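K.L.:
Contents are compact mmCIF, C-alpha atoms and all ligand atoms; file name query_0.txt:
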# COMPACT_ATOMS: atom_id res chain seq x y z
CA MET G 1 0.00 0.00 0.00
CA ALA G 2 1.28 3.43 -0.94
CA LYS G 3 2.26 5.63 1.93
CA LYS G 4 -0.36 8.28 2.77
CA LYS G 5 0.81 11.70 1.68
CA ILE G 6 0.61 14.37 4.32
CA LEU G 7 0.06 18.00 3.36
CA PHE G 8 -0.35 21.12 5.45
CA GLU G 9 -1.81 24.40 4.26
CA CYS G 10 -1.52 27.96 5.56
CA GLN G 11 -5.01 29.31 6.18
CA HIS G 12 -3.93 32.85 5.41
CA CYS G 13 -2.05 32.58 2.16
CA GLY G 14 -2.61 29.05 0.88
CA LEU G 15 1.01 27.89 1.02
CA THR G 16 1.17 24.10 1.15
CA THR G 17 4.05 22.17 2.69
CA PRO G 18 4.67 18.54 3.60
CA LYS G 19 5.76 19.69 7.07
CA TRP G 20 3.84 21.57 9.71
CA MET G 21 5.23 25.03 10.39
CA GLY G 22 4.64 27.26 13.38
CA LYS G 23 5.23 30.37 11.33
CA CYS G 24 4.43 30.59 7.63
CA THR G 25 7.51 31.28 5.53
CA ASN G 26 5.37 33.00 2.91
CA CYS G 27 3.09 35.36 4.83
CA ALA G 28 4.65 35.22 8.31
CA SER G 29 1.42 34.19 10.04
CA TRP G 30 1.67 32.19 13.24
CA ASP G 31 -0.22 28.93 13.84
CA SER G 32 -1.91 29.17 10.47
CA PHE G 33 -1.28 25.63 9.18
CA ILE G 34 -3.80 22.81 9.21
CA GLU G 35 -3.44 19.28 7.92
CA LEU G 36 -5.42 18.52 4.76
CA ASN G 37 -7.30 15.27 4.36
CA GLU G 38 -7.11 13.29 1.13
CA HIS G 39 -10.15 14.94 -0.46
CA GLN G 40 -8.82 18.41 0.33
CA GLN G 41 -5.45 17.47 -1.10
CA GLU G 42 -7.21 16.42 -4.29
CA VAL G 43 -8.98 19.80 -4.49
CA VAL G 44 -5.67 21.60 -3.98
CA LYS G 45 -4.13 19.51 -6.74
CA GLN G 46 -6.97 20.13 -9.16
CA THR G 47 -7.23 23.83 -8.54
CA LYS G 48 -3.54 24.59 -8.47
CA SER G 49 -2.43 22.99 -11.69
CA THR G 50 -3.80 24.30 -14.93
CA SER G 51 -2.38 21.49 -17.00
CA SER G 52 -4.24 18.23 -17.22
CA ALA G 53 -1.38 15.83 -16.79
CA GLY G 54 -2.08 12.26 -17.77
CA SER G 55 -4.66 12.73 -20.49
CA LYS G 56 -2.90 13.01 -23.83
CA ALA G 57 -4.34 15.42 -26.34
CA LYS G 58 -3.41 15.36 -29.99
CA ALA G 59 -2.46 18.52 -31.83
CA VAL G 60 -5.00 19.59 -34.44
CA SER G 61 -4.49 21.89 -37.39
CA ILE G 62 -5.94 25.28 -36.64
CA ASN G 63 -7.93 25.01 -39.86
CA ASP G 64 -9.79 22.00 -38.52
CA ILE G 65 -10.84 23.60 -35.28
CA GLU G 66 -14.38 24.86 -35.00
CA GLU G 67 -14.61 28.22 -33.35
CA SER G 68 -16.60 28.12 -30.18
CA GLU G 69 -18.91 31.04 -29.92
CA VAL G 70 -19.74 32.17 -26.42
CA TYR G 71 -23.43 32.65 -25.78
CA ARG G 72 -24.26 35.56 -23.48
CA TYR G 73 -27.33 37.22 -22.11
CA SER G 74 -27.64 40.79 -20.90
CA SER G 75 -27.65 41.77 -17.23
CA LEU G 76 -29.72 44.78 -18.32
CA ASP G 77 -26.95 46.90 -16.84
CA LYS G 78 -24.91 48.59 -19.54
CA GLU G 79 -21.67 49.02 -17.61
CA LEU G 80 -21.67 45.51 -16.13
CA ASP G 81 -22.32 43.99 -19.56
CA GLY G 82 -19.41 46.03 -20.90
CA VAL G 83 -16.89 44.98 -18.28
CA LEU G 84 -17.96 41.33 -18.70
CA GLY G 85 -17.24 41.58 -22.41
CA GLY G 86 -20.84 41.76 -23.62
CA GLY G 87 -23.00 40.06 -21.01
CA ILE G 88 -23.34 37.08 -18.71
CA VAL G 89 -22.07 33.68 -19.85
CA PRO G 90 -24.16 30.72 -18.64
CA GLY G 91 -22.06 28.18 -16.76
CA SER G 92 -19.45 30.75 -15.76
CA LEU G 93 -18.19 31.61 -12.30
CA THR G 94 -17.46 35.28 -11.63
CA LEU G 95 -15.82 36.84 -8.60
CA ILE G 96 -16.68 40.43 -7.71
CA GLY G 97 -14.30 41.83 -5.12
CA GLY G 98 -14.06 45.16 -3.39
CA SER G 99 -13.86 46.87 -0.04
CA PRO G 100 -16.87 46.53 2.26
CA GLY G 101 -19.59 49.06 1.49
CA VAL G 102 -18.45 49.80 -2.06
CA GLY G 103 -21.74 48.49 -3.46
CA LYS G 104 -21.18 44.87 -4.44
CA SER G 105 -24.35 43.53 -2.82
CA THR G 106 -26.45 46.44 -4.05
CA LEU G 107 -25.26 46.03 -7.62
CA LEU G 108 -25.80 42.29 -7.70
CA LEU G 109 -29.24 42.49 -6.07
CA LYS G 110 -30.26 44.94 -8.77
CA VAL G 111 -28.76 42.78 -11.51
CA GLY G 112 -30.41 39.68 -10.03
CA SER G 113 -33.71 41.51 -10.15
CA ASN G 114 -33.07 42.59 -13.74
CA ILE G 115 -32.42 39.00 -14.78
CA ALA G 116 -35.44 37.73 -12.83
CA SER G 117 -37.58 40.27 -14.69
CA THR G 118 -36.80 38.42 -17.92
CA GLY G 119 -38.35 35.23 -16.50
CA LYS G 120 -35.18 33.48 -15.34
CA ASN G 121 -35.06 32.00 -11.84
CA VAL G 122 -32.50 33.86 -9.74
CA LEU G 123 -31.20 32.77 -6.33
CA TYR G 124 -29.63 35.25 -3.92
CA VAL G 125 -27.79 33.41 -1.16
CA THR G 126 -27.13 35.65 1.82
CA GLY G 127 -24.72 34.65 4.52
CA GLU G 128 -24.06 38.20 5.63
CA GLU G 129 -27.43 39.78 6.18
CA SER G 130 -30.83 38.31 7.03
CA ALA G 131 -33.40 37.76 4.30
CA GLY G 132 -35.41 40.57 5.94
CA GLN G 133 -32.56 43.02 5.48
CA ILE G 134 -32.16 42.04 1.83
CA LYS G 135 -35.91 42.45 1.40
CA LEU G 136 -35.69 46.00 2.78
CA ARG G 137 -32.94 46.77 0.31
CA ALA G 138 -34.93 45.22 -2.52
CA ASN G 139 -37.85 47.49 -1.62
CA ARG G 140 -35.57 50.50 -1.70
CA LEU G 141 -34.04 49.46 -5.01
CA ASN G 142 -37.44 48.59 -6.45
CA SER G 143 -36.08 45.10 -7.10
CA ASN G 144 -38.94 42.80 -6.12
CA GLN G 145 -39.56 40.11 -8.72
CA ASP G 146 -41.51 36.86 -8.55
CA SER G 147 -38.61 34.77 -9.74
CA LEU G 148 -35.99 36.37 -7.49
CA TYR G 149 -35.50 34.01 -4.55
CA LEU G 150 -33.67 34.70 -1.29
CA LEU G 151 -31.92 32.02 0.72
CA SER G 152 -30.42 32.85 4.08
CA GLU G 153 -27.85 30.08 4.42
CA ILE G 154 -24.17 29.61 5.13
CA ARG G 155 -23.88 25.83 4.74
CA LEU G 156 -22.78 24.86 1.26
CA GLU G 157 -24.53 21.48 1.46
CA GLN G 158 -27.89 23.18 2.13
CA ILE G 159 -27.37 25.56 -0.80
CA LEU G 160 -26.78 22.56 -3.06
CA VAL G 161 -30.05 21.02 -1.84
CA GLU G 162 -31.87 24.20 -2.82
CA LEU G 163 -30.31 24.02 -6.29
CA ASP G 164 -31.81 20.56 -6.75
CA ASP G 165 -35.28 21.85 -5.91
CA ARG G 166 -35.59 24.56 -8.53
CA ASN G 167 -34.01 25.34 -11.88
CA TYR G 168 -31.96 28.47 -11.36
CA GLU G 169 -30.15 30.27 -14.12
CA PHE G 170 -28.37 32.92 -12.08
CA ILE G 171 -26.99 32.66 -8.55
CA ILE G 172 -25.45 35.29 -6.29
CA ILE G 173 -23.33 34.20 -3.31
CA ASP G 174 -23.01 36.98 -0.72
CA SER G 175 -20.33 36.45 0.39
CA ILE G 176 -17.78 33.68 -0.23
CA GLN G 177 -16.21 34.36 3.17
CA THR G 178 -19.37 33.38 5.05
CA ILE G 179 -20.16 30.10 3.29
CA TYR G 180 -18.66 26.91 4.65
CA SER G 181 -18.65 23.24 3.85
CA GLU G 182 -19.58 20.95 6.72
CA GLY G 183 -16.99 18.45 5.57
CA ILE G 184 -14.14 20.76 6.51
CA THR G 185 -13.12 21.62 10.02
CA SER G 186 -11.45 24.97 9.40
CA ALA G 187 -13.32 28.23 9.89
CA PRO G 188 -15.43 30.00 7.23
CA GLY G 189 -13.26 32.45 5.30
CA SER G 190 -10.12 30.36 5.71
CA VAL G 191 -8.20 29.33 2.63
CA THR G 192 -9.30 25.71 2.73
CA GLN G 193 -12.99 26.61 3.13
CA VAL G 194 -12.97 29.33 0.51
CA ARG G 195 -11.22 27.06 -1.94
CA GLN G 196 -13.47 24.08 -1.27
CA VAL G 197 -16.66 26.14 -1.58
CA THR G 198 -15.47 27.84 -4.77
CA PHE G 199 -14.46 24.49 -6.21
CA GLU G 200 -17.95 23.11 -5.58
CA LEU G 201 -19.59 26.23 -7.04
CA MET G 202 -17.45 25.92 -10.15
CA ARG G 203 -18.55 22.32 -10.54
CA ILE G 204 -22.22 23.26 -10.14
CA ALA G 205 -21.91 26.16 -12.59
CA LYS G 206 -20.49 23.89 -15.30
CA GLU G 207 -22.74 20.93 -14.55
CA LYS G 208 -26.01 22.87 -14.47
CA ASP G 209 -24.96 25.65 -16.87
CA ILE G 210 -25.77 28.32 -14.28
CA ALA G 211 -23.99 31.67 -14.12
CA ILE G 212 -22.77 32.18 -10.56
CA PHE G 213 -21.48 35.46 -9.15
CA ILE G 214 -19.61 35.35 -5.87
CA ILE G 215 -18.93 38.39 -3.73
CA GLY G 216 -15.56 38.61 -2.01
CA HIS G 217 -14.67 41.28 0.51
CA ILE G 218 -11.23 42.72 0.24
CA THR G 219 -9.53 43.50 3.49
CA LYS G 220 -7.40 46.57 4.11
CA GLU G 221 -4.29 44.56 3.30
CA GLY G 222 -5.69 44.05 -0.18
CA SER G 223 -6.52 40.41 -0.02
CA ILE G 224 -9.79 38.57 -0.33
CA ALA G 225 -9.68 37.23 3.19
CA GLY G 226 -7.22 35.63 3.51
CA PRO G 227 -5.58 35.38 0.08
CA ARG G 228 -6.54 35.73 -3.51
CA VAL G 229 -6.63 31.98 -3.92
CA LEU G 230 -9.87 32.31 -5.84
CA GLU G 231 -8.51 34.30 -8.73
CA HIS G 232 -7.10 31.42 -10.71
CA MET G 233 -10.06 29.15 -9.98
CA VAL G 234 -12.87 31.31 -11.36
CA ASP G 235 -13.59 32.31 -14.97
CA THR G 236 -13.86 36.03 -14.42
CA VAL G 237 -12.49 38.39 -11.78
CA LEU G 238 -13.83 41.92 -11.36
CA TYR G 239 -12.64 44.33 -8.70
CA PHE G 240 -14.16 47.56 -7.50
CA GLU G 241 -11.57 50.28 -7.20
CA GLY G 242 -11.68 52.87 -4.48
CA ASP G 243 -14.13 52.87 -1.63
CA SER G 244 -17.56 54.02 -0.59
CA SER G 245 -16.48 57.66 -0.27
CA GLN G 246 -16.25 58.16 -4.00
CA GLU G 247 -19.15 59.33 -6.09
CA LEU G 248 -18.22 57.17 -9.06
CA ARG G 249 -17.22 53.54 -8.51
CA ILE G 250 -15.06 51.80 -11.04
CA LEU G 251 -15.34 48.08 -11.68
CA ARG G 252 -12.27 46.76 -13.43
CA GLY G 253 -11.83 43.41 -15.12
CA PHE G 254 -8.71 41.51 -13.97
CA LYS G 255 -9.36 38.20 -15.61
CA ASN G 256 -11.90 37.10 -18.16
CA ARG G 257 -11.90 33.72 -19.82
CA PHE G 258 -14.58 34.95 -22.22
CA GLY G 259 -13.37 38.39 -23.21
CA ALA G 260 -10.88 41.22 -22.87
CA THR G 261 -9.86 42.36 -19.41
CA SER G 262 -9.03 45.92 -20.31
CA GLU G 263 -12.55 47.31 -19.99
CA ILE G 264 -13.92 49.09 -16.98
CA GLY G 265 -17.44 49.72 -15.78
CA VAL G 266 -18.36 53.04 -14.21
CA PHE G 267 -21.17 53.12 -11.67
CA GLU G 268 -22.69 55.71 -9.46
CA MET G 269 -24.47 55.31 -6.15
CA ARG G 270 -27.98 56.66 -6.37
CA GLN G 271 -31.03 56.20 -4.25
CA GLU G 272 -32.07 53.32 -6.48
CA GLY G 273 -28.74 51.61 -5.92
CA LEU G 274 -25.42 51.32 -7.66
CA ILE G 275 -26.25 51.76 -11.31
CA SER G 276 -24.48 52.43 -14.58
CA ALA G 277 -23.19 55.98 -14.61
CA THR G 278 -24.50 58.18 -17.36
CA ASP G 279 -22.63 60.86 -19.30
CA ILE G 280 -19.29 59.48 -18.14
CA SER G 281 -17.19 61.63 -20.44
CA SER G 282 -17.87 64.83 -18.55
CA ARG G 283 -17.81 63.35 -15.07
CA PHE G 284 -14.09 63.24 -14.35
CA PHE G 285 -13.26 66.87 -14.88
CA ASN G 286 -14.63 70.25 -14.01
CA ARG G 287 -14.22 72.75 -16.78
CA ASP G 288 -15.71 75.72 -14.95
CA SER G 289 -13.04 76.37 -12.37
CA GLU G 290 -9.66 77.48 -13.63
CA GLN G 291 -7.13 77.15 -10.87
CA ALA G 292 -3.39 76.84 -10.70
CA GLY G 293 -2.19 73.25 -10.46
CA SER G 294 -4.81 71.66 -12.67
CA ALA G 295 -4.43 70.24 -16.18
CA LEU G 296 -6.56 68.04 -18.41
CA THR G 297 -5.59 64.87 -20.22
CA VAL G 298 -7.32 61.97 -21.98
CA ILE G 299 -6.59 58.41 -20.91
CA MET G 300 -7.81 55.19 -22.49
CA GLU G 301 -9.72 52.73 -20.34
CA GLY G 302 -10.07 49.76 -22.63
CA SER G 303 -11.70 51.12 -25.75
CA ARG G 304 -13.06 54.15 -23.95
CA PRO G 305 -11.33 57.54 -23.86
CA ILE G 306 -11.87 59.44 -20.60
CA ILE G 307 -10.96 63.06 -19.96
CA LEU G 308 -9.33 63.41 -16.56
CA GLU G 309 -8.24 66.30 -14.43
CA VAL G 310 -4.72 66.01 -13.06
CA GLN G 311 -4.00 68.10 -9.98
CA ALA G 312 -0.65 69.12 -8.54
CA LEU G 313 0.28 71.01 -5.43
CA VAL G 314 3.81 72.36 -5.14
CA SER G 315 4.60 73.96 -1.81
CA GLU G 316 7.78 74.96 -0.04
CA SER G 317 9.15 72.15 2.07
CA HIS G 318 9.85 72.70 5.75
CA THR G 319 11.60 69.42 6.31
CA PRO G 320 15.04 68.32 5.09
CA ASN G 321 13.44 65.62 2.93
CA SER G 322 10.85 67.07 0.60
CA LYS G 323 7.73 64.95 0.11
CA ARG G 324 6.64 63.52 -3.22
CA GLN G 325 3.32 61.82 -3.12
CA ALA G 326 0.95 60.74 -5.86
CA THR G 327 -2.59 59.39 -5.60
CA GLY G 328 -3.74 57.56 -8.70
CA PHE G 329 -0.33 57.91 -10.36
CA ASP G 330 2.91 56.01 -10.04
CA ASN G 331 5.26 57.55 -7.46
CA ASN G 332 8.41 56.46 -9.27
CA ARG G 333 7.22 58.00 -12.50
CA LEU G 334 6.45 61.23 -10.62
CA ASN G 335 10.02 61.29 -9.31
CA MET G 336 11.31 60.81 -12.83
CA LEU G 337 9.20 63.67 -14.16
CA LEU G 338 10.34 65.95 -11.33
CA ALA G 339 13.98 65.15 -12.06
CA LEU G 340 13.33 66.05 -15.69
CA LEU G 341 11.84 69.40 -14.73
CA GLU G 342 14.94 70.21 -12.70
CA ARG G 343 17.39 69.09 -15.35
CA LYS G 344 15.74 70.22 -18.56
CA LEU G 345 13.69 73.25 -17.54
CA GLU G 346 15.82 74.23 -14.56
CA ILE G 347 12.88 74.48 -12.25
CA PRO G 348 14.34 74.17 -8.74
CA LEU G 349 11.90 71.73 -7.17
CA SER G 350 14.21 70.06 -4.66
CA GLY G 351 13.12 72.36 -1.85
CA TYR G 352 9.45 71.77 -2.52
CA ASP G 353 6.88 69.18 -1.57
CA VAL G 354 4.97 67.89 -4.58
CA PHE G 355 1.59 66.21 -4.37
CA ILE G 356 -0.32 64.75 -7.31
CA ASN G 357 -3.95 63.74 -7.35
CA ILE G 358 -6.06 62.25 -10.13
CA THR G 359 -9.71 63.14 -9.85
CA GLY G 360 -12.51 60.61 -9.71
CA GLY G 361 -10.51 57.86 -8.03
CA ILE G 362 -9.04 56.61 -11.33
CA LYS G 363 -5.57 55.11 -11.32
CA ILE G 364 -3.53 56.13 -14.33
CA THR G 365 -1.60 53.17 -15.63
CA GLU G 366 -0.42 54.59 -18.93
CA THR G 367 2.20 57.16 -19.78
CA ALA G 368 -0.06 59.38 -21.88
CA ALA G 369 -0.73 61.57 -18.86
CA ASP G 370 2.94 62.53 -18.37
CA LEU G 371 2.59 65.82 -20.19
CA ALA G 372 -0.46 66.82 -18.17
CA ILE G 373 1.32 65.95 -14.92
CA LEU G 374 4.23 68.21 -15.91
CA ALA G 375 1.83 70.98 -16.89
CA ALA G 376 -0.02 70.75 -13.59
CA ILE G 377 3.24 70.87 -11.61
CA ILE G 378 4.53 73.90 -13.48
CA SER G 379 1.13 75.56 -13.18
CA SER G 380 1.15 75.10 -9.41
CA PHE G 381 4.79 76.17 -9.09
CA ARG G 382 4.22 79.36 -11.07
CA ASP G 383 0.78 79.85 -9.56
CA ARG G 384 -0.74 80.35 -12.97
CA ALA G 385 -3.91 78.59 -14.08
CA ILE G 386 -4.05 76.64 -17.33
CA SER G 387 -7.05 77.16 -19.56
CA LYS G 388 -9.56 74.35 -19.51
CA GLU G 389 -9.71 74.80 -23.24
CA THR G 390 -6.43 72.93 -23.48
CA ILE G 391 -5.76 69.25 -23.15
CA PHE G 392 -2.36 67.53 -22.77
CA ILE G 393 -1.60 64.18 -24.36
CA GLY G 394 1.87 62.71 -24.44
CA GLU G 395 4.46 60.47 -22.89
CA VAL G 396 7.63 62.18 -21.70
CA SER G 397 10.84 60.25 -22.14
CA LEU G 398 13.92 60.25 -19.94
CA VAL G 399 15.74 62.55 -22.33
CA GLY G 400 12.92 65.03 -22.15
CA ASP G 401 11.10 64.69 -25.45
CA VAL G 402 7.38 64.25 -25.84
CA ARG G 403 6.35 61.00 -27.45
CA GLU G 404 3.26 60.02 -29.28
CA VAL G 405 0.83 57.68 -27.53
CA TYR G 406 -1.53 55.05 -28.95
CA ALA G 407 -5.14 55.76 -29.89
CA VAL G 408 -4.40 59.43 -30.30
CA ASP G 409 -7.30 59.84 -32.73
CA ALA G 410 -9.82 58.50 -30.24
CA ARG G 411 -8.45 60.80 -27.55
CA ILE G 412 -8.61 63.89 -29.71
CA LYS G 413 -12.10 63.01 -30.86
CA GLU G 414 -13.22 62.75 -27.25
CA ALA G 415 -11.74 66.20 -26.52
CA GLN G 416 -13.58 67.56 -29.53
CA MET G 417 -16.84 66.04 -28.34
CA GLN G 418 -16.39 67.88 -25.05
CA ASN G 419 -15.76 71.12 -26.95
CA ILE G 420 -12.15 71.41 -25.92
CA SER G 421 -10.46 73.50 -28.56
CA LYS G 422 -6.72 72.95 -28.05
CA VAL G 423 -4.62 69.81 -27.79
CA LEU G 424 -0.93 69.74 -26.90
CA LEU G 425 0.75 66.59 -28.12
CA ALA G 426 3.83 65.12 -29.78
CA LYS G 427 4.81 66.63 -33.10
CA LYS G 428 4.64 63.56 -35.29
CA THR G 429 1.34 61.84 -35.26
CA THR G 430 -0.25 59.01 -37.16
CA SER G 431 -3.57 60.76 -37.47
CA LYS G 432 -2.44 62.54 -40.66
CA ASN G 433 -4.47 65.55 -41.59
CA LYS G 434 -7.74 64.45 -40.14
CA TYR G 435 -7.55 66.91 -37.31
CA GLU G 436 -5.29 69.42 -38.98
CA ASN G 437 -7.35 72.43 -38.05
CA PHE G 438 -7.64 71.12 -34.57
CA TYR G 439 -3.92 70.99 -33.82
CA ARG G 440 -3.24 74.55 -34.63
ZN ZN D 1 0.95 31.85 4.93
Could you rewrite the structure in this file as structure tokens?
Ligand SMILES: [Zn+2]

P.N.:
Amino acid sequence: MAKKKILFECQHCGLTTPKWMGKCTNCASWDSFIELNEHQQEVVKQTKSTSSAGSKAKAVSINDIEESEVYRYSSLDKELDGVLGGGIVPGSLTLIGGSPGVGKSTLLLKVGSNIASTGKNVLYVTGEESAGQIKLRANRLNSNQDSLYLLSEIRLEQILVELDDRNYEFIIIDSIQTIYSEGITSAPGSVTQVRQVTFELMRIAKEKDIAIFIIGHITKEGSIAGPRVLEHMVDTVLYFEGDSSQELRILRGFKNRFGATSEIGVFEMRQEGLISATDISSRFFNRDSEQAGSALTVIMEGSRPIILEVQALVSESHTPNSKRQATGFDNNRLNMLLALLERKLEIPLSGYDVFINITGGIKITETAADLAILAAIISSFRDRAISKETIFIGEVSLVGDVREVYAVDARIKEAQMQNISKVLLAKKTTSKNKYENFYR
């Protein structure tokens, strides 16, 4: 008889080792290891490896492969459909993460109601709040539908029983941290539980062709309590950026087996819940106030150009080490841009604190905003406002020249649509003469 394999797993980060450890070498947690039984070891094995070792597949000419078209149905929410790549895919498992209070439950209750209104059976499993509390919210959101069912349950086995009783097409699990499997001794929210429950939900989704959305709370440390073990198990991962203090909430795709991950969804919290934001293009900047330290740029979020206001504050430093701090922009890149200003334009910034803020809670991940950041810094330093009739598009290189960015046509078009009359950008551009009059 083969010797029984022993495996231990950290309940905070999911590290598995053949030996028990008092302190995890990966996440430094104490007393976080439990021993996995054979079934749990099997789940770990199946969910950790993406390759299917053992079964031999034969290579097929690409010409002989039939394309598989993904069927989708609409969530009746424009922004959610967009970030999902066109709608909900039956049989898919989607994780929606975000800080508590950002609007995950509200959004999914509304979407569940939308889907129920088309005649599909929808199950909302609540492990966080009572069915009565969800009902109150449904009243407020005007989300009562005959085929929207609530189940107040935290035991996975009981949820599975409910799924045998009625044909559901859409299921919401609120939240993954509260659901537990009775077959596992560790606490709800621990790595082993979260993985086991997600594994079962994945199986159910595929077997019954049900779309399942699971809500995961993200702790302050940035993990879905404990770790992000779920990410590689599910089909789609969406995260809410920012927190409940922001007017606009951004849902960003991080993984999507059925579409691109570059799209974002923009939502706003209204009385009727978290719904698709309207008139997004004019929401991230304020053209009426002209103040020193503010400059406009256009960034691309997926296929969507968004005009953003970049703010800078340059103030005399009273400490030996001047502060450089950016919110929504990379700190290292800010330091590089500041060094450039000193070297190339001889602006003596070393004795000044520099703060950068991007409005609307958006994080800029592309270099196209460099020029606007520089403009905002100089504007604040000189205490001279920049006209809101001007927009800045361009990457700034280490040697100090302005470089062209991609999708420049789409960006300029967006500026035009918002009646912005001047664009500052790199000299050479691919957009030929299309906007000739505009560049002037
Ligand atoms: Zn650990």

K.L.:
Kindly indicate which residue among G:Lys363, G:Lys104, G:Lys255, G:Lys5 lies nearest to Asp174 in chain G, using only C-alpha atoms for the distances.

P.N.:
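Among the listed residues, G:Lys104 lies closest to Asp174 in chain G.
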
K.L.:
Name each residue within 10 Å of ligand ZN 1 (chain D), counting all atoms listed in the file, as a PyMOL selection string.

P.N.:
chain G and resi 9-16+21+23-33+191+226-227

K.L.:
Find the spatial neighbours of Gly97 in chain G, counting all atoms listed in the file, within a cut-off of 9 Å - ignore same-chain residues fewer than 3 positions away - and output them as a ChimeraX atom specification.

P.N.:
/G:104,214-218,224,237-240

K.L.:
What lies within 8 Å of range 413-415 of chain G using all atoms listed in the file, ignoring chain neighbours under 5 positions off, as a PDB file with C-alpha atoms, in the frame of the given file?

P.N.:
ATOM      1  CA  SER G 281     -17.190  61.630 -20.440  1.00  0.00           C
ATOM      2  CA  VAL G 298      -7.320  61.970 -21.980  1.00  0.00           C
ATOM      3  CA  PRO G 305     -11.330  57.540 -23.860  1.00  0.00           C
ATOM      4  CA  ILE G 306     -11.870  59.440 -20.600  1.00  0.00           C
ATOM      5  CA  ILE G 307     -10.960  63.060 -19.960  1.00  0.00           C
ATOM      6  CA  ILE G 391      -5.760  69.250 -23.150  1.00  0.00           C
ATOM      7  CA  ILE G 420     -12.150  71.410 -25.920  1.00  0.00           C
ATOM      8  CA  SER G 421     -10.460  73.500 -28.560  1.00  0.00           C
TER       9      SER G 421
END

K.L.:
Using all atoms listed in the file, can you tell me which of G:Val405, G:Leu398, G:Leu251, G:Met336 comes closest to Ser99 in chain G?

P.N.:
G:Leu251
